[in-house]
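K.L.:
You'll find final.txt just under this line, and it carries compact mmCIF, C-alpha atoms and all ligand atoms.
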```txt
# COMPACT_ATOMS: atom_id res chain seq x y z
CA MET A 250 9.83 2.93 61.62
CA SER A 251 13.07 2.20 59.77
CA ALA A 252 12.86 -0.11 56.76
CA GLY A 253 15.68 -2.20 58.28
CA LEU A 254 17.30 -2.46 54.86
CA ASP A 255 20.50 -0.50 55.45
CA GLY A 256 23.55 -2.51 54.32
CA LYS A 257 21.56 -5.30 52.65
CA ILE A 258 22.48 -6.56 49.17
CA ALA A 259 19.82 -6.70 46.44
CA LEU A 260 19.94 -8.03 42.90
CA VAL A 261 17.55 -6.18 40.57
CA THR A 262 17.05 -7.62 37.07
CA GLY A 263 15.94 -5.35 34.23
CA ALA A 264 17.38 -2.46 36.21
CA SER A 265 18.26 -0.05 33.42
CA ARG A 266 14.82 1.38 32.58
CA GLY A 267 11.24 1.70 33.77
CA ILE A 268 10.19 -0.15 36.90
CA GLY A 269 13.56 -1.85 37.54
CA ARG A 270 15.35 1.48 37.50
CA ALA A 271 12.87 3.08 39.94
CA VAL A 272 13.15 0.05 42.23
CA SER A 273 16.97 0.22 42.13
CA LEU A 274 16.96 3.90 43.06
CA ALA A 275 14.36 3.44 45.82
CA LEU A 276 16.32 0.57 47.41
CA HIS A 277 19.51 2.62 47.12
CA GLU A 278 17.77 5.47 48.95
CA VAL A 279 17.08 3.24 51.98
CA GLY A 280 20.70 2.10 52.16
CA VAL A 281 20.65 -1.09 50.10
CA GLN A 282 23.70 -2.07 48.05
CA VAL A 283 22.12 -2.62 44.61
CA VAL A 284 23.47 -5.06 42.03
CA ALA A 285 21.80 -3.73 38.89
CA SER A 286 21.55 -6.12 35.96
CA ALA A 287 20.55 -5.45 32.32
CA ARG A 288 22.07 -5.59 28.87
CA PRO A 289 24.60 -2.84 28.06
CA SER A 290 22.98 0.53 27.31
CA GLU A 291 23.30 4.27 27.91
CA ASP A 292 20.55 3.91 30.50
CA LEU A 293 22.64 1.42 32.45
CA VAL A 294 25.63 3.78 32.35
CA SER A 295 23.52 6.65 33.71
CA LEU A 296 22.06 4.37 36.42
CA ALA A 297 25.63 3.48 37.46
CA SER A 298 26.43 7.14 38.01
CA GLU A 299 23.20 7.71 39.97
CA LEU A 300 23.93 4.74 42.25
CA GLY A 301 27.59 5.69 42.69
CA ASP A 302 29.37 3.63 45.35
CA GLY A 303 26.06 2.12 46.42
CA GLY A 304 25.73 0.21 43.16
CA ILE A 305 27.34 -2.62 41.24
CA ILE A 306 26.51 -3.00 37.55
CA TRP A 307 26.20 -6.40 35.92
CA GLU A 308 25.96 -6.13 32.14
CA GLY A 309 24.39 -9.12 30.45
CA ASP A 310 21.32 -10.93 29.21
CA ALA A 311 19.03 -12.14 31.99
CA THR A 312 18.20 -15.25 29.96
CA ALA A 313 21.86 -16.36 29.74
CA ASP A 314 23.71 -18.85 31.97
CA GLU A 315 26.34 -16.19 32.71
CA LEU A 316 23.99 -14.36 35.07
CA LEU A 317 23.42 -17.59 37.02
CA SER A 318 27.19 -18.09 37.34
CA ARG A 319 27.56 -14.56 38.66
CA ILE A 320 24.82 -15.14 41.24
CA SER A 321 26.44 -18.40 42.32
CA GLY A 322 29.72 -16.51 42.83
CA MET A 323 28.16 -14.11 45.35
CA ASP A 324 29.05 -14.47 49.03
CA SER A 325 25.47 -13.76 50.02
CA LEU A 326 22.29 -12.16 48.78
CA ASP A 327 19.53 -10.62 50.90
CA ILE A 328 17.01 -9.46 48.30
CA LEU A 329 16.08 -10.47 44.75
CA ILE A 330 13.83 -8.28 42.60
CA ASN A 331 12.88 -10.48 39.66
CA ASN A 332 11.78 -7.70 37.31
CA ALA A 333 13.12 -8.35 33.79
CA GLY A 334 10.15 -9.12 31.57
CA GLY A 335 8.42 -8.16 28.40
CA ASN A 336 5.36 -8.39 26.20
CA ARG A 337 4.49 -8.61 22.51
CA PRO A 338 0.73 -7.99 22.43
CA GLU A 339 -1.17 -9.66 19.58
CA PRO A 340 -4.45 -11.50 19.00
CA PHE A 341 -4.52 -15.07 20.34
CA VAL A 342 -4.88 -16.77 16.95
CA ASP A 343 -2.00 -14.76 15.48
CA VAL A 344 0.57 -15.54 18.19
CA SER A 345 3.69 -16.86 16.46
CA ASP A 346 5.75 -19.66 17.98
CA GLU A 347 8.66 -17.22 18.07
CA ASN A 348 6.76 -14.71 20.21
CA LEU A 349 5.34 -17.50 22.39
CA ASP A 350 8.84 -18.83 23.09
CA PHE A 351 10.33 -15.35 23.60
CA ILE A 352 7.78 -14.32 26.25
CA LEU A 353 7.74 -17.72 28.00
CA ASN A 354 11.52 -17.76 28.14
CA LEU A 355 11.92 -14.23 29.51
CA ASN A 356 8.90 -14.01 31.81
CA VAL A 357 8.75 -17.57 33.17
CA ARG A 358 11.87 -19.68 32.57
CA THR A 359 14.29 -16.83 33.28
CA THR A 360 12.39 -15.65 36.37
CA PHE A 361 12.39 -19.24 37.70
CA ARG A 362 16.09 -19.87 37.01
CA ILE A 363 17.22 -16.59 38.59
CA ALA A 364 15.09 -17.22 41.69
CA ARG A 365 16.40 -20.81 42.02
CA GLU A 366 20.03 -19.68 41.90
CA SER A 367 19.44 -16.68 44.18
CA VAL A 368 17.80 -18.72 46.95
CA LYS A 369 21.00 -20.78 47.25
CA ARG A 370 22.82 -17.58 48.27
CA MET A 371 20.13 -16.42 50.73
CA LYS A 372 20.01 -16.89 54.47
CA LEU A 373 17.34 -16.34 57.12
CA GLY A 374 15.64 -13.00 56.41
CA GLY A 375 15.97 -13.22 52.63
CA SER A 376 13.27 -11.62 50.51
CA ILE A 377 12.21 -12.16 46.91
CA VAL A 378 9.81 -9.91 45.03
CA ASN A 379 8.61 -11.03 41.61
CA ILE A 380 7.23 -8.25 39.44
CA THR A 381 4.12 -9.80 37.94
CA SER A 382 1.16 -7.73 36.73
CA GLN A 383 -2.55 -7.19 37.22
CA MET A 384 -2.53 -9.49 34.15
CA GLY A 385 -1.48 -12.22 36.55
CA HIS A 386 -4.96 -11.85 38.12
CA VAL A 387 -7.27 -11.09 35.19
CA GLY A 388 -7.42 -11.53 31.42
CA SER A 389 -7.35 -8.85 28.72
CA PRO A 390 -7.48 -8.79 24.89
CA ASN A 391 -4.27 -9.41 22.92
CA ARG A 392 -2.49 -10.56 26.06
CA THR A 393 -2.96 -14.35 26.20
CA VAL A 394 0.74 -15.17 26.41
CA TYR A 395 1.55 -12.30 28.77
CA CYS A 396 -1.39 -13.18 31.08
CA MET A 397 -0.36 -16.84 31.01
CA THR A 398 3.20 -15.99 32.06
CA LYS A 399 2.21 -13.58 34.82
CA HIS A 400 -0.37 -16.05 36.22
CA ALA A 401 2.46 -18.60 36.22
CA ILE A 402 4.69 -16.35 38.31
CA GLU A 403 1.86 -15.68 40.75
CA GLY A 404 1.73 -19.47 41.22
CA LEU A 405 5.49 -19.69 41.55
CA THR A 406 5.40 -16.92 44.19
CA ARG A 407 2.90 -18.81 46.35
CA ALA A 408 4.61 -22.18 46.00
CA MET A 409 8.05 -20.74 46.77
CA ALA A 410 6.62 -18.81 49.72
CA VAL A 411 5.26 -22.00 51.28
CA GLU A 412 8.37 -24.08 50.61
CA LEU A 413 10.88 -21.46 51.75
CA ALA A 414 9.01 -20.12 54.80
CA PRO A 415 10.73 -22.57 57.17
CA GLU A 416 14.07 -21.18 55.98
CA GLY A 417 12.98 -17.62 56.81
CA ILE A 418 12.87 -16.53 53.17
CA ARG A 419 9.80 -14.51 52.17
CA VAL A 420 8.49 -14.51 48.58
CA ASN A 421 5.93 -11.99 47.34
CA SER A 422 4.87 -10.36 44.11
CA VAL A 423 3.97 -6.83 43.08
CA ALA A 424 1.28 -6.73 40.42
CA PRO A 425 1.06 -3.36 38.67
CA THR A 426 -1.51 -1.95 36.30
CA PHE A 427 -0.31 0.06 33.28
CA ILE A 428 2.75 2.00 34.40
CA GLU A 429 4.37 4.68 32.26
CA THR A 430 7.62 3.04 31.11
CA PRO A 431 9.40 2.44 27.79
CA LEU A 432 7.51 -0.91 27.59
CA THR A 433 4.06 0.72 27.61
CA LYS A 434 4.95 3.96 25.81
CA PRO A 435 4.07 2.62 22.33
CA MET A 436 0.85 1.03 23.67
CA LEU A 437 -0.33 4.20 25.44
CA ALA A 438 0.57 6.32 22.38
CA ASP A 439 -2.62 4.95 20.78
CA PRO A 440 -5.33 7.38 22.08
CA GLU A 441 -8.06 4.74 21.87
CA PHE A 442 -6.01 2.26 23.93
CA GLU A 443 -5.04 4.94 26.45
CA ALA A 444 -8.71 5.87 26.88
CA PHE A 445 -9.58 2.17 27.41
CA VAL A 446 -6.87 1.84 30.07
CA LYS A 447 -7.97 4.96 31.94
CA ARG A 448 -11.62 3.81 31.78
CA MET A 449 -10.61 0.48 33.32
CA ILE A 450 -8.68 2.09 36.20
CA PRO A 451 -11.17 3.53 38.73
CA MET A 452 -8.53 6.06 39.82
CA GLY A 453 -8.55 7.31 36.22
CA LYS A 454 -4.79 7.48 35.73
CA THR A 455 -1.89 5.26 34.79
CA GLY A 456 0.82 4.54 37.35
CA GLN A 457 4.39 5.73 37.69
CA PRO A 458 7.44 3.46 38.23
CA GLU A 459 7.83 5.04 41.69
CA ASP A 460 4.38 3.71 42.69
CA VAL A 461 5.67 0.19 42.07
CA ALA A 462 9.03 0.88 43.74
CA ALA A 463 7.29 1.97 46.97
CA ALA A 464 5.40 -1.34 47.11
CA VAL A 465 8.63 -3.28 46.53
CA VAL A 466 10.47 -1.43 49.31
CA TYR A 467 7.59 -2.18 51.71
CA LEU A 468 7.62 -5.90 50.90
CA CYS A 469 11.40 -6.06 51.48
CA SER A 470 11.23 -4.09 54.72
CA ASP A 471 11.02 -5.27 58.34
CA GLY A 472 7.43 -3.97 58.37
CA ALA A 473 6.45 -6.82 56.02
CA GLY A 474 8.19 -9.45 58.16
CA MET A 475 5.01 -11.57 58.44
CA VAL A 476 3.99 -11.12 54.78
CA THR A 477 4.75 -13.95 52.38
CA GLY A 478 2.97 -15.49 49.38
CA HIS A 479 1.16 -12.20 48.86
CA SER A 480 0.49 -10.36 45.60
CA LEU A 481 0.40 -6.61 46.18
CA LEU A 482 -1.73 -5.04 43.45
CA VAL A 483 -0.67 -1.52 42.46
CA ASP A 484 -3.52 -1.14 40.02
CA GLY A 485 -5.61 1.93 40.89
CA GLY A 486 -8.53 -0.46 41.45
CA TRP A 487 -8.56 -2.22 38.03
CA THR A 488 -9.04 -5.68 39.55
CA ALA A 489 -11.33 -4.55 42.39
CA GLN A 490 -14.29 -4.17 40.00
N1 LIG B 501 5.02 -1.05 32.54
C1 LIG B 501 3.91 -1.66 32.89
O1 LIG B 501 2.79 -1.16 32.66
C2 LIG B 501 3.95 -2.97 33.62
C3 LIG B 501 2.78 -3.42 34.22
C4 LIG B 501 2.78 -4.61 34.89
C5 LIG B 501 3.93 -5.36 34.98
N2 LIG B 501 5.08 -4.92 34.37
C6 LIG B 501 6.26 -5.75 34.49
O2 LIG B 501 7.30 -5.00 35.07
C7 LIG B 501 8.55 -5.44 34.57
C8 LIG B 501 9.33 -4.26 34.01
O3 LIG B 501 8.54 -3.63 33.02
P1 LIG B 501 8.90 -2.19 32.44
O4 LIG B 501 7.64 -1.61 31.97
O5 LIG B 501 9.75 -1.45 33.38
O6 LIG B 501 9.73 -2.64 31.14
P2 LIG B 501 10.81 -1.85 30.26
O7 LIG B 501 10.58 -0.41 30.37
O8 LIG B 501 10.77 -2.51 28.92
O9 LIG B 501 12.17 -2.24 30.99
C9 LIG B 501 12.53 -3.60 31.01
C10 LIG B 501 13.86 -3.76 31.68
O10 LIG B 501 14.21 -5.13 31.59
C11 LIG B 501 15.44 -5.25 30.89
N3 LIG B 501 15.45 -6.46 30.08
C12 LIG B 501 14.53 -6.84 29.17
N4 LIG B 501 14.92 -7.99 28.61
C13 LIG B 501 16.10 -8.32 29.18
C14 LIG B 501 16.99 -9.40 29.04
N5 LIG B 501 16.78 -10.40 28.17
N6 LIG B 501 18.10 -9.41 29.78
C15 LIG B 501 18.37 -8.42 30.66
N7 LIG B 501 17.54 -7.38 30.86
C16 LIG B 501 16.43 -7.36 30.13
C17 LIG B 501 15.54 -3.99 30.06
O11 LIG B 501 16.87 -3.64 29.78
P3 LIG B 501 17.60 -4.03 28.42
O12 LIG B 501 16.52 -4.32 27.41
O13 LIG B 501 18.40 -2.83 28.09
O14 LIG B 501 18.43 -5.22 28.77
C18 LIG B 501 14.94 -2.96 31.00
O15 LIG B 501 15.87 -2.55 31.97
C19 LIG B 501 8.25 -6.53 33.55
O16 LIG B 501 8.33 -7.80 34.17
C20 LIG B 501 6.81 -6.23 33.16
O17 LIG B 501 6.13 -7.37 32.70
C21 LIG B 501 5.11 -3.73 33.70
```
How would this structure read if it were set down as structure tokens?
Ligand SMILES: NC(=O)c1ccc[n+]([C@@H]2O[C@H](COP(=O)([O-])OP(=O)(O)OC[C@H]3O[C@@H](n4cnc5c(N)ncnc54)[C@H](OP(=O)(O)O)[C@@H]3O)[C@@H](O)[C@H]2O)c1

P.N.:
Amino acid sequence: MSAGLDGKIALVTGASRGIGRAVSLALHEVGVQVVASARPSEDLVSLASELGDGGIIWEGDATADELLSRISGMDSLDILINNAGGNRPEPFVDVSDENLDFILNLNVRTTFRIARESVKRMKLGGSIVNITSQMGHVGSPNRTVYCMTKHAIEGLTRAMAVELAPEGIRVNSVAPTFIETPLTKPMLADPEFEAFVKRMIPMGKTGQPEDVAAAVVYLCSDGAGMVTGHSLLVDGGWTAQ
């Protein structure tokens, strides 16, 4: 069965590295025109050459108004992958106001604002995938702010799905476990933490960005035409226990 995505236009935030990059390349492979957004970097330059004519690069900060203006200037948008996000793990009682505001702004406020602007450009058949986390379903030490933000986006996903269903716009999330990306590299470099993570994942291994990308492509495809308000866990069984 064809994915039915050939010729569609997708905006991917946080496209330069990790999960966003894998998602951009996977969508490109099934014929999607990818608008790849991130701050300027060598990674973004190399992504541009991998996407070639099938890609448009938007350099800029996802938290800034400029990105919203660019979205509002689009003729149309079929797919939004709301991926830009981050974490600063620390014990609950030590969380600084600066880190609290940074993570809330990037993971919640920015995700919300980009989705709100994107929906105005979408027509019947539009699809939004928010990249949340297994931490949007469970709790874990040193991750109070991160878990709070990802639970928030799981709620946003469901509420948007219900409100936008009559307009033919589907809204889902993909909720990964620990995936090997630049974000988790320093965390998994600690052998004790890596052992904890692998103990918690029944499949006994961390995930790859391509595992997440495959789930995203499915949710955007015709095959998921009746799927909305769903959170697709790509977690090797972490949350099934
Ligand atoms: N890796 C995991 O284990 C894991 C698990 C569950 C969920 N997630 C979620 O998946 C998403 C991607 O994670 P990742 O591991 O791929 O992270 P990553 O390796 O740190 O990559 C993050 C991407 O987002 C971009 N980005 C960050 N802040 C930005 C900003 N203010 N403006 C524009 N772009 C920004 C980064 O590019 P620049 O910094 O160059 O702009 C980069 O392209 C996040 O929402 C994360 O919470 C990750």

K.L.:
When distances are computed from only C-alpha atoms, which of A:Ile377, A:Ala414, A:Leu296, A:Met397 shows the smallest separation from A:Gly267?

P.N.:
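Closest candidate: A:Leu296.
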
K.L.:
Residues at most 7 Å from ligand LIG 501 (chain B), using all atoms listed in the file? Could they come as an mmCIF file with C-alpha atoms, in the frame of the given file?

P.N.:
```cif
data_model
loop_
_atom_site.group_PDB
_atom_site.id
_atom_site.type_symbol
_atom_site.label_atom_id
_atom_site.label_comp_id
_atom_site.auth_asym_id
_atom_site.auth_seq_id
_atom_site.Cartn_x
_atom_site.Cartn_y
_atom_site.Cartn_z
ATOM 1 C CA THR A 262 17.050 -7.620 37.070
ATOM 2 C CA GLY A 263 15.940 -5.350 34.230
ATOM 3 C CA ALA A 264 17.380 -2.460 36.210
ATOM 4 C CA SER A 265 18.260 -0.050 33.420
ATOM 5 C CA ARG A 266 14.820 1.380 32.580
ATOM 6 C CA GLY A 267 11.240 1.700 33.770
ATOM 7 C CA ILE A 268 10.190 -0.150 36.900
ATOM 8 C CA GLY A 269 13.560 -1.850 37.540
ATOM 9 C CA ARG A 270 15.350 1.480 37.500
ATOM 10 C CA SER A 286 21.550 -6.120 35.960
ATOM 11 C CA ALA A 287 20.550 -5.450 32.320
ATOM 12 C CA ARG A 288 22.070 -5.590 28.870
ATOM 13 C CA PRO A 289 24.600 -2.840 28.060
ATOM 14 C CA SER A 290 22.980 0.530 27.310
ATOM 15 C CA GLY A 309 24.390 -9.120 30.450
ATOM 16 C CA ASP A 310 21.320 -10.930 29.210
ATOM 17 C CA ALA A 311 19.030 -12.140 31.990
ATOM 18 C CA THR A 312 18.200 -15.250 29.960
ATOM 19 C CA ASN A 332 11.780 -7.700 37.310
ATOM 20 C CA ALA A 333 13.120 -8.350 33.790
ATOM 21 C CA GLY A 334 10.150 -9.120 31.570
ATOM 22 C CA GLY A 335 8.420 -8.160 28.400
ATOM 23 C CA ASN A 336 5.360 -8.390 26.200
ATOM 24 C CA LEU A 355 11.920 -14.230 29.510
ATOM 25 C CA ASN A 356 8.900 -14.010 31.810
ATOM 26 C CA ILE A 380 7.230 -8.250 39.440
ATOM 27 C CA THR A 381 4.120 -9.800 37.940
ATOM 28 C CA SER A 382 1.160 -7.730 36.730
ATOM 29 C CA GLN A 383 -2.550 -7.190 37.220
ATOM 30 C CA ALA A 424 1.280 -6.730 40.420
ATOM 31 C CA PRO A 425 1.060 -3.360 38.670
ATOM 32 C CA THR A 426 -1.510 -1.950 36.300
ATOM 33 C CA PHE A 427 -0.310 0.060 33.280
ATOM 34 C CA ILE A 428 2.750 2.000 34.400
ATOM 35 C CA GLU A 429 4.370 4.680 32.260
ATOM 36 C CA THR A 430 7.620 3.040 31.110
ATOM 37 C CA PRO A 431 9.400 2.440 27.790
ATOM 38 C CA LEU A 432 7.510 -0.910 27.590
ATOM 39 C CA THR A 433 4.060 0.720 27.610
#
```

K.L.:
As an mmCIF file with C-alpha atoms, in the frame of the given file, please: the residues near A:Ile418 (cut-off 7 Å, all atoms listed in the file, same-chain neighbours under 2 positions excluded).

P.N.:
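Produced file part-v1.cif, reproduced below:
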```cif
data_model
loop_
_atom_site.group_PDB
_atom_site.id
_atom_site.type_symbol
_atom_site.label_atom_id
_atom_site.label_comp_id
_atom_site.auth_asym_id
_atom_site.auth_seq_id
_atom_site.Cartn_x
_atom_site.Cartn_y
_atom_site.Cartn_z
ATOM 1 C CA LEU A 373 17.340 -16.340 57.120
ATOM 2 C CA GLY A 374 15.640 -13.000 56.410
ATOM 3 C CA GLY A 375 15.970 -13.220 52.630
ATOM 4 C CA SER A 376 13.270 -11.620 50.510
ATOM 5 C CA LEU A 413 10.880 -21.460 51.750
ATOM 6 C CA ALA A 414 9.010 -20.120 54.800
ATOM 7 C CA GLU A 416 14.070 -21.180 55.980
ATOM 8 C CA VAL A 420 8.490 -14.510 48.580
#
```

K.L.:
Between A:Leu481, A:Val261, A:Val446, A:Ala285, single out the one closest to A:Thr406, counting all atoms listed in the file.

P.N.:
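That would be A:Leu481, the residue with the smallest distance to A:Thr406.
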
K.L.:
Starting from the point (10.7, -14.0, 41.7), work out which residues of protein, DNA or RNA have an atom no more than 9 Å away when counting only C-alpha atoms; state them as a PyMOL selection string.

P.N.:
chain A and resi 329-332+360-361+363-365+377-381+402+405-406+409+420-422

K.L.:
Restricting the calculation to all atoms listed in the file: of A:Thr359, A:Pro415, A:Arg448, A:Asn391, which residue gets closest to A:Leu317?

P.N.:
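Under the stated criterion, the closest residue is A:Thr359.
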
K.L.:
Using all atoms listed in the file, which of the listed residues (A:Ala463, A:Ala489, A:Leu468, A:Met436) sits closest to A:Met449?

P.N.:
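Among the listed residues, the smallest separation from A:Met449 belongs to A:Ala489.
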
K.L.:
Find the residues around A:Thr393 up to 10 Å (only C-alpha atoms counted), leave out those fewer than 2 positions away in its own chain, and share them as a tab-separated table (two decimals) with C-alpha atoms, in the coordinates of the input.

P.N.:
```
chain	number	residue	atom	x	y	z
A	338	PRO	CA	0.73	-7.99	22.43
A	339	GLU	CA	-1.17	-9.66	19.58
A	340	PRO	CA	-4.45	-11.50	19.00
A	341	PHE	CA	-4.52	-15.07	20.34
A	342	VAL	CA	-4.88	-16.77	16.95
A	344	VAL	CA	0.57	-15.54	18.19
A	349	LEU	CA	5.34	-17.50	22.39
A	384	MET	CA	-2.53	-9.49	34.15
A	388	GLY	CA	-7.42	-11.53	31.42
A	389	SER	CA	-7.35	-8.85	28.72
A	390	PRO	CA	-7.48	-8.79	24.89
A	391	ASN	CA	-4.27	-9.41	22.92
A	395	TYR	CA	1.55	-12.30	28.77
A	396	CYS	CA	-1.39	-13.18	31.08
A	397	MET	CA	-0.36	-16.84	31.01
A	398	THR	CA	3.20	-15.99	32.06
```

K.L.:
Near A:Leu274, within 9 Å and counting only C-alpha atoms, which residues show up once chain neighbours fewer than 2 positions away are dropped, as a list in words?

P.N.:
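Selected residues are Gly269, Arg270, Ala271, Val272, Leu276, His277, Glu278, Val279, Val283, Leu296, Glu299, Leu300 and Ala462 of chain A.
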
K.L.:
With only C-alpha atoms as the atoms that count, which of A:Ile305, A:Ser295, A:Pro440, A:Asp484 lies nearest to A:Val461?

P.N.:
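Smallest distance to A:Val461 is found for A:Asp484.
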
K.L.:
Atom CA of A:Ala401 to atom CA of A:Gly456: how many Å, to one decimal?

P.N.:
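Straight-line distance from atom CA of A:Ala401 to atom CA of A:Gly456 works out to 23.2 Å.
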
K.L.:
Near A:Val281, counting only C-alpha atoms, which residues have an atom at most 7 Å away, once you skip same-chain residues fewer than 4 positions from it, shown as a PyMOL selection string?

P.N.:
chain A and resi 254-259+276-277

K.L.:
N, CA and C atoms are what I want for stretch 252-267 of chain A; can you complete it accordingly and write them as a CSV table (one decimal), keeping the file's coordinate frame?

P.N.:
```csv
chain,number,residue,atom,x,y,z
A,252,ALA,N,13.2,1.0,57.7
A,252,ALA,CA,12.9,-0.1,56.8
A,252,ALA,C,13.7,-1.3,57.1
A,253,GLY,N,14.8,-1.1,57.9
A,253,GLY,CA,15.7,-2.2,58.3
A,253,GLY,C,16.5,-2.8,57.1
A,254,LEU,N,16.7,-1.9,56.1
A,254,LEU,CA,17.3,-2.5,54.9
A,254,LEU,C,18.7,-2.0,54.7
A,255,ASP,N,19.2,-1.1,55.6
A,255,ASP,CA,20.5,-0.5,55.4
A,255,ASP,C,21.6,-1.6,55.4
A,256,GLY,N,22.4,-1.6,54.4
A,256,GLY,CA,23.6,-2.5,54.3
A,256,GLY,C,23.2,-3.8,53.7
A,257,LYS,N,21.9,-4.0,53.3
A,257,LYS,CA,21.6,-5.3,52.6
A,257,LYS,C,22.0,-5.3,51.2
A,258,ILE,N,22.1,-6.5,50.6
A,258,ILE,CA,22.5,-6.6,49.2
A,258,ILE,C,21.3,-7.1,48.4
A,259,ALA,N,21.0,-6.3,47.3
A,259,ALA,CA,19.8,-6.7,46.4
A,259,ALA,C,20.2,-6.8,45.0
A,260,LEU,N,19.8,-7.9,44.3
A,260,LEU,CA,19.9,-8.0,42.9
A,260,LEU,C,18.6,-7.6,42.2
A,261,VAL,N,18.7,-6.6,41.3
A,261,VAL,CA,17.6,-6.2,40.6
A,261,VAL,C,17.8,-6.5,39.1
A,262,THR,N,16.9,-7.3,38.5
A,262,THR,CA,17.0,-7.6,37.1
A,262,THR,C,16.2,-6.6,36.3
A,263,GLY,N,16.6,-6.3,35.1
A,263,GLY,CA,15.9,-5.4,34.2
A,263,GLY,C,16.0,-4.0,34.9
A,264,ALA,N,17.2,-3.6,35.4
A,264,ALA,CA,17.4,-2.5,36.2
A,264,ALA,C,17.6,-1.2,35.4
A,265,SER,N,17.8,-1.3,34.1
A,265,SER,CA,18.3,0.0,33.4
A,265,SER,C,17.1,1.0,33.2
A,266,ARG,N,15.9,0.5,33.0
A,266,ARG,CA,14.8,1.4,32.6
A,266,ARG,C,13.6,1.1,33.4
A,267,GLY,N,12.6,2.0,33.3
A,267,GLY,CA,11.2,1.7,33.8
A,267,GLY,C,11.2,1.3,35.2
```
